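**Student:** Sharing a structure here in structure tokens format.
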Amino acid sequence: MKGFVLMALFATAGFASCSKCTTCTQQQGSDVRVCEKDYNTNAEYGAAVDFYEMAGYNCFKSW
């Protein structure tokens, strides 16, 4: 029982550390990874993704 509780605790901590990211690709360019944790607000993160999409990148959610 104690092992199960510890395993559940570590699994929860692992999921909590994941951040929402978006990968943007361009046919003849390099991939760009935009992560929410790198911005102060969700609006700034969204604006960064919008910028890449307007610049011709195809963006998709990645974890």
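The chains in the structure tokens are called A, B, ... from first to last as shown; in each chain the residues are counted from 1, and the ligands are counted from 1 in the order shown.
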So that I can check the surroundings of range 34-41 of chain A, please list as a list in words every protein, DNA and RNA residue that reaches within 9 Å of it, counting only C-alpha atoms and ignoring chain neighbours fewer than 6 positions away.
**Tutor:**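 Near neighbours after the sequence-gap exclusion: Ser19, Lys20, Cys21, Thr22, Thr23, Cys24, Ala48 and Val49 of chain A.
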**Student:** Go ahead and write the selection's residues with C-alpha atoms as a short mmCIF file (atom, residue, chain, number, x, y, z; two decimals), in the first residue's frame.
**Tutor:**
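Output (out_37.cif):
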```cif
data_model
loop_
_atom_site.label_atom_id
_atom_site.label_comp_id
_atom_site.auth_asym_id
_atom_site.auth_seq_id
_atom_site.Cartn_x
_atom_site.Cartn_y
_atom_site.Cartn_z
CA SER A 19 3.59 22.79 -19.68
CA LYS A 20 1.46 23.60 -22.68
CA CYS A 21 3.57 24.05 -25.79
CA THR A 22 2.96 24.67 -29.48
CA THR A 23 5.30 23.57 -32.24
CA CYS A 24 5.34 25.74 -35.35
CA ALA A 48 3.47 34.59 -29.97
CA VAL A 49 1.66 31.64 -31.59
#
```
